[in-house]
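For reference, start31.tsv is printed below; it contains TSV, C-alpha atoms and all ligand atoms.
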chain	number	residue	atom	x	y	z
A	18	MET	CA	1.91	-4.88	-20.96
A	19	GLY	CA	1.46	-4.81	-17.21
A	20	ARG	CA	3.48	-2.93	-14.64
A	21	VAL	CA	6.95	-4.47	-14.32
A	22	THR	CA	8.12	-2.77	-11.17
A	23	SER	CA	7.11	-0.63	-8.19
A	24	LEU	CA	8.31	2.86	-7.31
A	25	ASP	CA	10.39	1.40	-4.49
A	26	GLU	CA	12.48	-0.55	-6.98
A	27	LEU	CA	13.28	2.39	-9.28
A	28	PRO	CA	16.40	4.49	-8.66
A	29	LEU	CA	14.23	7.46	-7.64
A	30	ARG	CA	15.73	10.54	-5.92
A	31	ASP	CA	15.84	9.81	-2.17
A	32	ASP	CA	14.02	13.05	-1.36
A	33	LEU	CA	11.04	12.02	-3.54
A	34	ARG	CA	10.53	8.63	-1.85
A	35	GLY	CA	7.24	8.35	0.01
A	36	LEU	CA	5.71	11.50	-1.51
A	37	THR	CA	2.24	11.56	-3.07
A	38	PRO	CA	1.46	13.59	-6.22
A	39	TYR	CA	-1.11	16.40	-6.34
A	40	GLY	CA	-4.43	14.63	-6.75
A	41	ALA	CA	-7.65	16.62	-6.60
A	42	PRO	CA	-10.20	14.07	-7.90
A	43	GLN	CA	-11.25	14.57	-11.54
A	44	VAL	CA	-14.63	12.86	-11.69
A	45	PRO	CA	-17.51	13.74	-14.01
A	46	LEU	CA	-20.12	14.84	-11.48
A	47	PRO	CA	-22.88	17.23	-12.64
A	48	VAL	CA	-21.81	19.94	-10.16
A	49	ALA	CA	-18.00	20.22	-9.81
A	50	LEU	CA	-17.07	22.89	-7.26
A	51	ASN	CA	-13.77	21.44	-6.02
A	52	VAL	CA	-10.83	23.18	-7.75
A	53	ASN	CA	-11.87	26.86	-7.80
A	54	GLU	CA	-12.36	27.03	-11.55
A	55	ASN	CA	-14.55	29.69	-13.10
A	56	THR	CA	-17.48	27.42	-13.95
A	57	HIS	CA	-18.95	29.85	-16.49
A	58	ALA	CA	-18.15	28.81	-20.06
A	59	VAL	CA	-16.20	31.19	-22.32
A	60	PRO	CA	-18.72	33.12	-24.48
A	61	GLU	CA	-19.01	31.82	-28.07
A	62	ALA	CA	-17.94	35.11	-29.65
A	63	VAL	CA	-14.71	35.02	-27.62
A	64	VAL	CA	-14.11	31.37	-28.56
A	65	ALA	CA	-14.44	32.35	-32.24
A	66	ASP	CA	-12.04	35.27	-31.85
A	67	ILE	CA	-9.44	33.09	-30.09
A	68	LEU	CA	-9.87	30.41	-32.75
A	69	ASP	CA	-9.00	32.88	-35.53
A	70	ASP	CA	-5.66	33.67	-33.87
A	71	VAL	CA	-4.92	30.04	-33.08
A	72	ALA	CA	-5.53	29.21	-36.76
A	73	ILE	CA	-2.99	31.84	-37.83
A	74	ALA	CA	-0.47	30.46	-35.30
A	75	LEU	CA	-1.07	26.94	-36.63
A	76	SER	CA	-0.07	27.93	-40.15
A	77	ASP	CA	3.39	28.79	-38.72
A	78	VAL	CA	3.65	25.89	-36.30
A	79	ASN	CA	6.58	24.31	-38.19
A	80	ARG	CA	8.72	27.09	-36.63
A	81	TYR	CA	9.60	27.54	-32.95
A	82	PRO	CA	7.50	30.24	-31.27
A	83	ASP	CA	8.75	33.64	-30.04
A	84	ARG	CA	10.87	32.55	-27.08
A	85	GLU	CA	10.22	35.89	-25.38
A	86	PHE	CA	6.42	35.84	-26.00
A	87	THR	CA	6.69	39.57	-26.58
A	88	GLU	CA	3.13	40.29	-27.64
A	89	LEU	CA	1.69	38.36	-24.69
A	90	ARG	CA	3.96	40.17	-22.21
A	91	GLU	CA	2.83	43.50	-23.60
A	92	ALA	CA	-0.79	42.41	-23.21
A	93	PHE	CA	-0.23	41.39	-19.56
A	94	ALA	CA	1.54	44.69	-18.79
A	95	THR	CA	-1.45	46.58	-20.20
A	96	TYR	CA	-3.94	44.41	-18.32
A	97	LEU	CA	-2.16	44.82	-14.96
A	98	GLY	CA	-1.67	48.60	-15.23
A	99	HIS	CA	0.45	50.11	-12.42
A	100	ASN	CA	2.74	51.56	-15.13
A	101	LEU	CA	4.24	48.11	-15.69
A	102	ARG	CA	6.38	47.51	-18.78
A	103	ALA	CA	6.65	44.28	-20.80
A	104	GLU	CA	10.22	43.70	-19.55
A	105	GLN	CA	8.74	43.32	-16.04
A	106	ILE	CA	6.44	40.47	-17.06
A	107	TRP	CA	7.04	36.72	-17.10
A	108	ALA	CA	4.60	33.94	-17.98
A	109	GLY	CA	4.38	30.17	-17.95
A	110	ASN	CA	2.08	27.22	-18.47
A	111	GLY	CA	0.00	28.07	-15.42
A	112	SER	CA	1.24	30.07	-12.45
A	113	ASN	CA	2.40	26.74	-11.03
A	114	GLU	CA	5.11	26.71	-13.70
A	115	VAL	CA	5.95	30.34	-12.96
A	116	LEU	CA	6.35	29.41	-9.26
A	117	GLN	CA	8.49	26.45	-10.29
A	118	HIS	CA	10.76	28.78	-12.30
A	119	ILE	CA	11.13	31.00	-9.22
A	120	LEU	CA	12.01	28.06	-6.97
A	121	GLN	CA	14.42	26.62	-9.56
A	122	ALA	CA	16.20	29.97	-9.72
A	123	PHE	CA	16.08	31.03	-6.06
A	124	ALA	CA	15.52	27.85	-4.00
A	125	GLY	CA	16.65	24.33	-5.03
A	126	PRO	CA	18.76	21.79	-3.11
A	127	GLY	CA	20.04	22.97	0.27
A	128	ARG	CA	17.69	25.99	0.28
A	129	SER	CA	14.31	26.62	1.89
A	130	VAL	CA	10.86	27.93	0.98
A	131	PHE	CA	8.52	29.41	3.61
A	132	GLY	CA	4.75	29.93	3.69
A	133	PHE	CA	2.07	30.57	6.34
A	134	ALA	CA	0.02	27.37	6.71
A	135	PRO	CA	-2.65	26.46	5.90
A	136	THR	CA	-1.92	27.67	2.38
A	137	TYR	CA	-1.83	26.45	-1.22
A	138	SER	CA	-1.13	22.71	-1.24
A	139	MET	CA	1.13	22.99	-4.30
A	140	TYR	CA	3.76	25.12	-2.52
A	141	PRO	CA	5.36	22.23	-0.59
A	142	LEU	CA	5.12	19.99	-3.67
A	143	ILE	CA	6.84	22.49	-6.00
A	144	ALA	CA	9.46	23.14	-3.32
A	145	GLN	CA	10.15	19.42	-2.90
A	146	GLY	CA	10.21	18.88	-6.66
A	147	THR	CA	13.02	21.41	-6.99
A	148	GLY	CA	14.88	19.82	-4.06
A	149	ALA	CA	14.20	22.64	-1.58
A	150	ALA	CA	12.93	22.24	2.00
A	151	TRP	CA	9.44	23.53	2.86
A	152	ILE	CA	8.99	25.46	6.11
A	153	ALA	CA	5.42	25.98	7.35
A	154	GLY	CA	4.74	29.10	9.39
A	155	THR	CA	1.60	29.65	11.44
A	156	ARG	CA	-1.46	31.96	11.43
A	157	GLU	CA	-3.95	33.17	14.05
A	158	ASP	CA	-7.01	30.96	14.67
A	159	ASP	CA	-8.98	33.02	12.14
A	160	TYR	CA	-6.12	32.59	9.58
A	161	THR	CA	-5.08	36.26	9.67
A	162	ILE	CA	-1.44	37.26	10.33
A	163	THR	CA	-0.18	40.46	11.97
A	164	PRO	CA	2.79	42.29	10.40
A	165	GLU	CA	4.82	41.86	13.62
A	166	ASP	CA	4.23	38.11	13.85
A	167	ALA	CA	4.82	37.61	10.12
A	168	ALA	CA	8.13	39.48	10.24
A	169	ALA	CA	9.26	37.59	13.36
A	170	GLN	CA	8.49	34.19	11.84
A	171	VAL	CA	10.27	35.03	8.58
A	172	ALA	CA	13.31	36.44	10.39
A	173	ALA	CA	13.54	33.28	12.53
A	174	ALA	CA	13.16	30.86	9.60
A	175	ASP	CA	15.47	32.91	7.31
A	176	PRO	CA	14.17	31.24	4.12
A	177	ASP	CA	15.47	31.75	0.57
A	178	VAL	CA	11.94	32.20	-0.78
A	179	VAL	CA	8.73	33.36	0.96
A	180	LEU	CA	5.42	32.51	-0.72
A	181	LEU	CA	2.55	34.77	0.42
A	182	CYS	CA	-0.86	33.79	-0.93
A	183	THR	CA	-3.47	36.58	-0.89
A	184	PRO	CA	-6.39	36.06	-0.88
A	185	ASN	CA	-5.16	32.79	0.63
A	186	ASN	CA	-6.13	29.36	-0.69
A	187	PRO	CA	-7.78	27.42	0.98
A	188	THR	CA	-9.00	29.94	3.57
A	189	GLY	CA	-9.99	32.99	1.45
A	190	THR	CA	-8.13	35.32	3.88
A	191	PRO	CA	-6.56	38.52	2.48
A	192	LEU	CA	-3.18	39.84	3.68
A	193	GLY	CA	-2.73	43.57	4.19
A	194	LEU	CA	0.01	45.36	2.26
A	195	ASP	CA	1.50	46.13	5.70
A	196	VAL	CA	2.10	42.40	6.20
A	197	ILE	CA	3.77	42.09	2.80
A	198	GLU	CA	6.01	45.11	3.48
A	199	ALA	CA	6.96	43.75	6.92
A	200	VAL	CA	7.81	40.33	5.46
A	201	TYR	CA	9.87	41.91	2.67
A	202	ASP	CA	11.86	43.96	5.16
A	203	ALA	CA	12.42	40.92	7.39
A	204	ALA	CA	13.41	38.61	4.53
A	205	ARG	CA	16.84	38.08	3.03
A	206	GLY	CA	15.42	36.01	0.16
A	207	VAL	CA	12.82	36.70	-2.52
A	208	VAL	CA	9.18	37.33	-1.62
A	209	VAL	CA	6.45	36.13	-3.96
A	210	VAL	CA	2.88	37.37	-3.56
A	211	ASP	CA	0.50	34.91	-5.20
A	212	GLU	CA	-2.58	36.92	-6.24
A	213	ALA	CA	-4.32	34.06	-8.07
A	214	TYR	CA	-7.69	35.28	-6.70
A	215	GLN	CA	-7.10	39.05	-6.69
A	216	GLU	CA	-9.89	39.77	-9.20
A	217	PHE	CA	-12.45	38.43	-6.68
A	218	ALA	CA	-11.31	40.83	-3.94
A	219	PRO	CA	-13.22	44.09	-3.39
A	220	ARG	CA	-12.55	46.54	-6.25
A	221	GLU	CA	-10.86	49.06	-3.95
A	222	ALA	CA	-8.50	46.46	-2.42
A	223	ALA	CA	-4.87	47.33	-3.12
A	224	SER	CA	-2.70	44.90	-5.06
A	225	ALA	CA	0.88	44.08	-4.09
A	226	LEU	CA	1.73	45.33	-7.60
A	227	SER	CA	1.77	48.80	-6.01
A	228	LEU	CA	4.73	47.68	-3.83
A	229	LEU	CA	7.00	46.67	-6.75
A	230	PRO	CA	8.84	49.99	-7.32
A	231	GLY	CA	12.15	49.88	-5.43
A	232	ARG	CA	11.78	46.23	-4.31
A	233	ALA	CA	14.07	44.06	-6.46
A	234	ARG	CA	13.35	40.83	-4.52
A	235	LEU	CA	9.54	41.11	-4.79
A	236	ALA	CA	7.37	39.35	-7.41
A	237	VAL	CA	3.58	39.32	-7.79
A	238	SER	CA	2.07	36.32	-9.59
A	239	ARG	CA	-1.35	35.98	-11.17
A	240	THR	CA	-3.16	33.34	-13.24
A	241	MET	CA	-5.69	33.17	-16.05
A	242	SER	CA	-7.08	29.97	-14.47
A	243	LYS	CA	-9.56	31.53	-12.06
A	244	ALA	CA	-11.22	34.88	-12.82
A	245	PHE	CA	-10.32	34.58	-16.51
A	246	ALA	CA	-12.10	31.25	-17.09
A	247	PHE	CA	-8.96	29.90	-18.77
A	248	ALA	CA	-7.86	27.00	-16.52
A	249	GLY	CA	-7.58	24.63	-19.47
A	250	GLY	CA	-5.42	27.12	-21.39
A	251	ARG	CA	-2.67	26.85	-18.72
A	252	VAL	CA	-1.41	30.41	-18.48
A	253	GLY	CA	0.04	32.11	-15.40
A	254	TYR	CA	2.23	35.19	-15.16
A	255	LEU	CA	4.08	37.51	-12.83
A	256	ALA	CA	5.37	41.04	-12.55
A	257	ALA	CA	8.74	41.92	-11.00
A	258	ASP	CA	11.90	43.91	-11.62
A	259	PRO	CA	13.46	43.16	-15.06
A	260	THR	CA	16.53	41.64	-13.32
A	261	PHE	CA	14.29	39.20	-11.43
A	262	ILE	CA	12.90	38.14	-14.84
A	263	ASP	CA	16.46	37.62	-16.12
A	264	ALA	CA	16.99	35.09	-13.31
A	265	LEU	CA	13.96	33.09	-14.52
A	266	ARG	CA	15.38	32.95	-18.05
A	267	LEU	CA	18.24	30.86	-16.66
A	268	VAL	CA	15.94	27.96	-15.73
A	269	ARG	CA	13.04	28.02	-18.20
A	270	LEU	CA	13.10	25.53	-21.05
A	271	PRO	CA	13.52	27.24	-24.42
A	272	TYR	CA	10.19	27.97	-26.14
A	273	HIS	CA	8.28	26.89	-23.01
A	274	LEU	CA	5.14	28.77	-24.10
A	275	SER	CA	3.83	27.18	-27.28
A	276	ALA	CA	2.75	29.30	-30.24
A	277	LEU	CA	-0.81	28.05	-29.66
A	278	THR	CA	-0.75	29.07	-26.00
A	279	GLN	CA	0.66	32.50	-26.83
A	280	ALA	CA	-1.93	33.09	-29.54
A	281	ALA	CA	-4.85	31.89	-27.40
A	282	ALA	CA	-3.82	33.86	-24.32
A	283	THR	CA	-3.16	37.07	-26.25
A	284	ALA	CA	-6.57	36.81	-27.92
A	285	ALA	CA	-8.26	36.04	-24.58
A	286	LEU	CA	-6.64	39.11	-23.02
A	287	ARG	CA	-7.94	41.23	-25.90
A	288	ASN	CA	-11.38	40.09	-24.68
A	289	SER	CA	-10.62	40.59	-21.01
A	290	SER	CA	-13.73	42.63	-20.22
A	291	THR	CA	-15.98	39.82	-21.55
A	292	MET	CA	-13.83	37.11	-19.96
A	293	LEU	CA	-14.03	38.88	-16.59
A	294	ALA	CA	-17.72	39.79	-16.85
A	295	MET	CA	-18.72	36.86	-14.64
A	296	VAL	CA	-16.56	37.91	-11.68
A	297	ASP	CA	-19.30	40.02	-10.07
A	298	GLU	CA	-21.80	37.20	-10.48
A	299	ILE	CA	-19.36	34.74	-8.88
A	300	VAL	CA	-18.73	37.12	-5.96
A	301	GLU	CA	-22.50	37.35	-5.47
A	302	GLN	CA	-22.77	33.54	-5.33
A	303	ARG	CA	-19.80	33.37	-2.92
A	304	ASP	CA	-21.53	35.76	-0.53
A	305	ARG	CA	-24.77	33.81	-0.89
A	306	ILE	CA	-22.90	30.60	0.04
A	307	SER	CA	-21.42	32.25	3.15
A	308	ALA	CA	-24.80	33.62	4.29
A	309	THR	CA	-26.61	30.32	3.70
A	310	LEU	CA	-23.90	28.25	5.40
A	311	GLN	CA	-24.17	30.54	8.41
A	312	ALA	CA	-27.95	30.14	8.47
A	313	LEU	CA	-27.56	26.35	8.29
A	314	GLY	CA	-25.33	26.42	11.38
A	315	TYR	CA	-21.90	26.05	9.73
A	316	ALA	CA	-19.01	28.46	10.31
A	317	PRO	CA	-17.87	30.01	7.00
A	318	HIS	CA	-14.60	31.99	7.03
A	319	PRO	CA	-14.64	35.47	5.43
A	320	SER	CA	-13.46	35.10	1.81
A	321	TRP	CA	-12.07	37.50	-0.79
A	322	SER	CA	-11.77	34.72	-3.36
A	323	ASN	CA	-14.14	32.58	-5.43
A	324	PHE	CA	-14.55	29.89	-2.76
A	325	VAL	CA	-15.62	29.52	0.86
A	326	LEU	CA	-13.91	27.48	3.57
A	327	PHE	CA	-16.39	26.48	6.23
A	328	GLY	CA	-16.02	24.92	9.66
A	329	GLY	CA	-18.51	23.28	11.98
A	330	VAL	CA	-18.36	20.03	9.99
A	331	ASP	CA	-18.44	17.03	12.36
A	332	ASP	CA	-17.04	14.56	9.87
A	333	PRO	CA	-15.67	16.19	6.70
A	334	GLN	CA	-15.20	12.89	4.87
A	335	GLU	CA	-18.77	11.83	5.60
A	336	LEU	CA	-20.26	15.16	4.47
A	337	TRP	CA	-18.01	15.20	1.37
A	338	ARG	CA	-19.30	11.71	0.51
A	339	ALA	CA	-22.95	12.61	1.13
A	340	LEU	CA	-22.63	15.57	-1.28
A	341	TYR	CA	-20.77	13.38	-3.79
A	342	ASP	CA	-23.67	10.90	-3.69
A	343	ARG	CA	-25.98	13.83	-4.53
A	344	GLY	CA	-23.85	14.76	-7.57
A	345	VAL	CA	-21.96	17.65	-5.95
A	346	LEU	CA	-18.15	17.60	-5.78
A	347	ILE	CA	-16.46	19.91	-3.25
A	348	ARG	CA	-13.04	19.72	-1.53
A	349	ASP	CA	-11.72	18.22	1.66
A	350	VAL	CA	-8.55	20.29	2.12
A	351	GLY	CA	-7.43	18.34	5.17
A	352	ILE	CA	-8.29	20.98	7.80
A	353	PRO	CA	-10.10	19.18	10.66
A	354	GLY	CA	-13.81	20.05	10.80
A	355	HIS	CA	-13.72	21.97	7.50
A	356	LEU	CA	-14.59	21.69	3.80
A	357	ARG	CA	-14.07	24.12	0.90
A	358	VAL	CA	-16.55	24.89	-1.88
A	359	THR	CA	-16.09	26.94	-5.06
A	360	ALA	CA	-18.75	29.53	-5.98
A	361	GLY	CA	-20.31	28.25	-9.20
A	362	THR	CA	-23.05	29.55	-11.45
A	363	GLU	CA	-26.29	30.45	-9.70
A	364	ALA	CA	-27.74	27.03	-10.63
A	365	GLU	CA	-24.67	25.10	-9.43
A	366	THR	CA	-24.59	27.09	-6.20
A	367	THR	CA	-28.28	26.37	-5.64
A	368	ALA	CA	-27.65	22.65	-6.26
A	369	PHE	CA	-24.88	22.65	-3.66
A	370	LEU	CA	-26.87	24.57	-1.05
A	371	GLU	CA	-29.99	22.43	-1.55
A	372	ALA	CA	-27.99	19.21	-1.36
A	373	LEU	CA	-26.36	20.44	1.83
A	374	ALA	CA	-29.69	21.45	3.38
A	375	SER	CA	-31.16	18.05	2.49
A	376	ILE	CA	-28.37	16.33	4.44
A	377	GLY	CA	-29.36	18.22	7.61
A	378	SER	CA	-27.73	20.84	9.83
A	379	PRO	CA	-24.61	20.25	11.94
A	380	ALA	CA	-25.09	19.11	15.53
A	401	LIG	C1	-5.38	27.93	-8.60
A	401	LIG	C2	-4.19	28.55	-8.00
A	401	LIG	C3	-3.10	28.91	-8.79
A	401	LIG	C4	-3.18	28.77	-10.27
A	401	LIG	O1	-2.53	27.73	-10.80
A	401	LIG	P1	-2.41	27.62	-12.39
A	401	LIG	O2	-1.19	26.78	-12.52
A	401	LIG	O3	-2.23	28.99	-12.94
A	401	LIG	O4	-3.65	26.97	-12.87
A	401	LIG	C5	-2.02	29.54	-8.21
A	401	LIG	N1	-2.00	29.81	-6.90
A	401	LIG	C6	-3.04	29.48	-6.11
A	401	LIG	C7	-2.99	29.84	-4.69
A	401	LIG	C8	-4.15	28.84	-6.63
A	401	LIG	O5	-5.17	28.52	-5.84

Could you render the structure as structure tokens?
Ligand SMILES: *Cc1c(COP(=O)(O)O)cnc(C)c1O
Amino acid sequence: MGRVTSLDELPLRDDLRGLTPYGAPQVPLPVALNVNENTHAVPEAVVADILDDVAIALSDVNRYPDREFTELREAFATYLGHNLRAEQIWAGNGSNEVLQHILQAFAGPGRSVFGFAPTYSMYPLIAQGTGAAWIAGTREDDYTITPEDAAAQVAAADPDVVLLCTPNNPTGTPLGLDVIEAVYDAARGVVVVDEAYQEFAPREAASALSLLPGRARLAVSRTMSKAFAFAGGRVGYLAADPTFIDALRLVRLPYHLSALTQAAATAALRNSSTMLAMVDEIVEQRDRISATLQALGYAPHPSWSNFVLFGGVDDPQELWRALYDRGVLIRDVGIPGHLRVTAGTEAETTAFLEALASIGSPA
């Protein structure tokens, strides 16, 4: 049966009219470096280990799963360290769902969510989906933010939720802990630090997890989608005060993490050293991308993540297309004169850099 109506004719919420859904292209190109996945496959031995636990979970799948995903929360607390306890951990089907839980609990209709643009494109979409207004703050030209400016912008906007992404997507820019502390002190609402790419930062770089003690309105979110090579598993998580977690219980759907997800994620965490073994290799490819882009005459931004945003692109759409035609998919994030590329395997990275060189240097 064909389509019987258009969106305009459905009794859609007024605040959703005219919006476009998240839509990074999913096309089967040989070299896909557009959504910051870990492009290294999960090692076979780990796949087998996960499969054993999923099989056990399947034999019980007639029953609802543990609503509190206790074992998985204990595993995340152990993985994160910082003396965290399981009661301080929350998880969801991707950190996008975890962020949605936060905005359902602390934002929603009549409330506002603030972030320093350019930042993760899902923030405004999740805010709008929960009926909250999105407020975009600003950064310096090099995408950094000073503690003074950050605090002043947050105080002026007075949002209910602040989303701080570090290292920031799509720019790769880290935020100092001094910025996070200044924002927390200036904010009345909750402050979420999205550390989706933290594992790609220098080893000695401090995590906002160290700021949690004594800060009841602070949460630090992470994901298994990037460093952990588990994007298809859909698992994200956060650490916060146990009372903050209680607030999220008010909005989550019962049994939101399936028994299969819990089993797979717990088994993957048991293999975390193998799952994370490729991080150093990815960081090496990221730095190689930056150095080569520079040599080709582009302007890469310093990155602490698994991708590089680069400027000096005359016509981003044209360059994106030229790479696409050569079998390489990267991302036009909508910043004039810029494109973003994920660090892949050594072979994928070589394919990208050679394709780019074959197109010619910028003017
Ligand atoms: C990729 C990404 C996430 C992770 O999303 P998942 O839902 O866990 O796959 C979260 N935050 C940022 C900034 C990201 O780039």

Just need the box for region 319-337 of chain A, edges along x, y and z, holding every atom the file lists for it with 6 Å tacked onto each side, so centre and edge lengths in Å to one decimal, as lines of an AutoDock Vina configuration file.
center_x = -16.0
center_y = 24.7
center_z = 3.5
size_x = 20.5
size_y = 37.7
size_z = 29.8

Mind dumping a table of every chain A residue within 7 Å of ligand LIG 401 (chain A), with the nearest atom pair and its distance in Å to one decimal, using only C-alpha atoms and all ligand atoms, sorted by chain and rising number, as a Markdown table?
| residue | atom | partner | partner_atom | distance |
| --- | --- | --- | --- | --- |
| A:Asn53 | CA | A:LIG401 | C1 | 6.6 |
| A:Asn110 | CA | A:LIG401 | O2 | 6.8 |
| A:Gly111 | CA | A:LIG401 | O2 | 3.4 |
| A:Ser112 | CA | A:LIG401 | O3 | 3.7 |
| A:Asn113 | CA | A:LIG401 | O2 | 3.9 |
| A:Glu114 | CA | A:LIG401 | O2 | 6.4 |
| A:Tyr137 | CA | A:LIG401 | C7 | 5.0 |
| A:Cys182 | CA | A:LIG401 | C7 | 5.9 |
| A:Asn185 | CA | A:LIG401 | C7 | 6.5 |
| A:Asn186 | CA | A:LIG401 | C7 | 5.1 |
| A:Asp211 | CA | A:LIG401 | N1 | 5.9 |
| A:Ala213 | CA | A:LIG401 | N1 | 5.0 |
| A:Thr240 | CA | A:LIG401 | O3 | 4.5 |
| A:Met241 | CA | A:LIG401 | O3 | 6.3 |
| A:Ser242 | CA | A:LIG401 | O4 | 4.8 |
| A:Lys243 | CA | A:LIG401 | C1 | 6.5 |
| A:Ala248 | CA | A:LIG401 | O4 | 5.6 |
| A:Arg251 | CA | A:LIG401 | O4 | 5.9 |
| A:Val252 | CA | A:LIG401 | O3 | 5.8 |
| A:Gly253 | CA | A:LIG401 | O3 | 4.6 |

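The smallest atom-to-atom distance between Gly35 (chain A) and any of A:Asn100, A:Leu192, A:Gln145, A:Ala222, using only C-alpha atoms, is found for A:Gln145.
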
Got a sec: who's within 10 Å of Pro230 (chain A), counting all atoms listed in the file, leaving out chain neighbours fewer than 2 positions off, as an mmCIF file with C-alpha atoms, in the coordinates of the input?
data_model
loop_
_atom_site.group_PDB
_atom_site.id
_atom_site.type_symbol
_atom_site.label_atom_id
_atom_site.label_comp_id
_atom_site.auth_asym_id
_atom_site.auth_seq_id
_atom_site.Cartn_x
_atom_site.Cartn_y
_atom_site.Cartn_z
ATOM 1 C CA HIS A 99 0.450 50.110 -12.420
ATOM 2 C CA LEU A 101 4.240 48.110 -15.690
ATOM 3 C CA LEU A 226 1.730 45.330 -7.600
ATOM 4 C CA SER A 227 1.770 48.800 -6.010
ATOM 5 C CA LEU A 228 4.730 47.680 -3.830
ATOM 6 C CA ARG A 232 11.780 46.230 -4.310
ATOM 7 C CA ALA A 233 14.070 44.060 -6.460
ATOM 8 C CA LEU A 235 9.540 41.110 -4.790
ATOM 9 C CA ALA A 257 8.740 41.920 -11.000
ATOM 10 C CA ASP A 258 11.900 43.910 -11.620
#

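Using only C-alpha atoms, the residues found no farther than 9 Å from Ala339 (chain A), other than those of its own chain fewer than 6 positions away, are Val345, Ala372, Leu373 and Ile376 of chain A.
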
With C-alpha atoms retained, could you export that selection as a JSON list (two decimals), keeping the file's coordinate frame?
[["chain", "number", "residue", "atom", "x", "y", "z"],
["A", 345, "VAL", "CA", -21.96, 17.65, -5.95],
["A", 372, "ALA", "CA", -27.99, 19.21, -1.36],
["A", 373, "LEU", "CA", -26.36, 20.44, 1.83],
["A", 376, "ILE", "CA", -28.37, 16.33, 4.44]]
